[in-house]
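Here's the structure we're looking at; comments come further down.
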Amino acid sequence: MQNIKKFRLKSCGLLLGSSRKSWINKIDKSTIDQRLGGSLASALYNMTQGVDILRVHDVFETRQAVEVYKRIICLR
């Protein structure tokens, strides 16, 4: 994910599905139902890296996190 920008094409959108993935477990030993925080962190980071579409399991929570994040960065 650190190099996600390399996958971006000018004529295409970039989709990422990192929600609840097992790599989150490798960071903090979480079970699948405990990965919301990791999924949200991944979504916000990748959104700032140019990802256009996020494939997620927790739609409401991800949308809320994105909206709050956008509002916060506009207040800088």
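Here's how to read the names in the structure tokens: chain A, B, ... by the order shown, residue numbers from 1 in each chain, ligand numbers from 1 in the order shown.
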
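Of the residues in chain A, those given strand (DSSP E or B) by DSSP on the backbone are A:Leu15, A:Leu16, A:Ile53, A:Leu54.
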
Can you tell me which residues surround range 15-28 of chain A at a distance of at most 6 Å, considering only C-alpha atoms, apart from same-chain residues fewer than 2 positions away, and format the answer as a ChimeraX atom specification? /A:30,35,39,53-56

Restricting the output to N, CA and C atoms, write the selected residues as a CSV table (one decimal), in the first residue's frame.
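The result, stored in part07.csv:
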```csv
chain,number,residue,atom,x,y,z
A,30,SER,N,-5.6,-9.2,15.8
A,30,SER,CA,-7.1,-9.0,15.9
A,30,SER,C,-7.8,-10.1,15.2
A,35,ARG,N,-11.5,-5.9,13.3
A,35,ARG,CA,-10.6,-5.2,12.4
A,35,ARG,C,-11.2,-3.9,11.8
A,39,SER,N,-9.3,-1.3,9.3
A,39,SER,CA,-10.0,-1.1,8.0
A,39,SER,C,-10.2,0.4,7.7
A,53,ILE,N,-12.1,4.4,-5.3
A,53,ILE,CA,-13.2,3.6,-4.8
A,53,ILE,C,-12.7,2.6,-3.7
A,54,LEU,N,-13.4,2.6,-2.6
A,54,LEU,CA,-13.0,1.7,-1.5
A,54,LEU,C,-14.1,0.6,-1.4
A,55,ARG,N,-13.7,-0.6,-1.5
A,55,ARG,CA,-14.6,-1.7,-1.3
A,55,ARG,C,-14.5,-2.1,0.2
A,56,VAL,N,-15.6,-2.0,0.9
A,56,VAL,CA,-15.6,-2.1,2.3
A,56,VAL,C,-16.8,-3.0,2.8
```

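Our summary of the geometry notes that CA of Asn46 in chain A is positioned 20.5 Å from CA of Leu75 in chain A.
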
Let me make sure I understand: among A:Cys74, A:Leu9, A:Val66, A:Leu14, which one has the smallest atom-to-atom distance to Tyr45 in chain A if we use only C-alpha atoms? A:Val66

Using DSSP secondary structure from the backbone, list all helix (DSSP H, G or I) positions within range 3-66 of chain A, as a ChimeraX atom specification. /A:4-7,22-28,32-34,36-48,59-66

When you look at Gln49 in chain A with a cut-off of 9 Å (counting only C-alpha atoms), what residues show up, excluding the ones that are within fewer than 4 positions of it in the same chain? I need them as a PDB file with N, CA and C atoms, in the first residue's frame.
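Result saved to part_21.pdb:
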```pdb
ATOM      1  N   GLN A   2       2.073   1.147   0.473  1.00  0.00           N
ATOM      2  CA  GLN A   2       2.926   2.329   0.484  1.00  0.00           C
ATOM      3  C   GLN A   2       3.187   2.843  -0.927  1.00  0.00           C
ATOM      4  N   ASN A   3       3.046   1.983  -1.924  1.00  0.00           N
ATOM      5  CA  ASN A   3       3.295   2.368  -3.313  1.00  0.00           C
ATOM      6  C   ASN A   3       2.029   2.341  -4.159  1.00  0.00           C
ATOM      7  N   ILE A   4       0.890   2.526  -3.542  1.00  0.00           N
ATOM      8  CA  ILE A   4      -0.397   2.421  -4.243  1.00  0.00           C
ATOM      9  C   ILE A   4      -0.493   3.407  -5.409  1.00  0.00           C
ATOM     10  N   LYS A   5       0.174   4.540  -5.300  1.00  0.00           N
ATOM     11  CA  LYS A   5       0.126   5.550  -6.367  1.00  0.00           C
ATOM     12  C   LYS A   5       0.663   5.018  -7.691  1.00  0.00           C
ATOM     13  N   LEU A  44      -8.721   5.548   5.041  1.00  0.00           N
ATOM     14  CA  LEU A  44      -8.348   6.968   5.079  1.00  0.00           C
ATOM     15  C   LEU A  44      -6.985   7.195   4.451  1.00  0.00           C
ATOM     16  N   TYR A  45      -6.025   6.350   4.777  1.00  0.00           N
ATOM     17  CA  TYR A  45      -4.687   6.498   4.186  1.00  0.00           C
ATOM     18  C   TYR A  45      -4.759   6.393   2.667  1.00  0.00           C
TER      19      TYR A  45
END
```

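Pairwise distance (CA of Val68 in chain A, CA of Lys10 in chain A) equals 27.4 Å.
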
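When CA of Met47 in chain A is paired with CA of Thr31 in chain A, their separation reads 24.3 Å.
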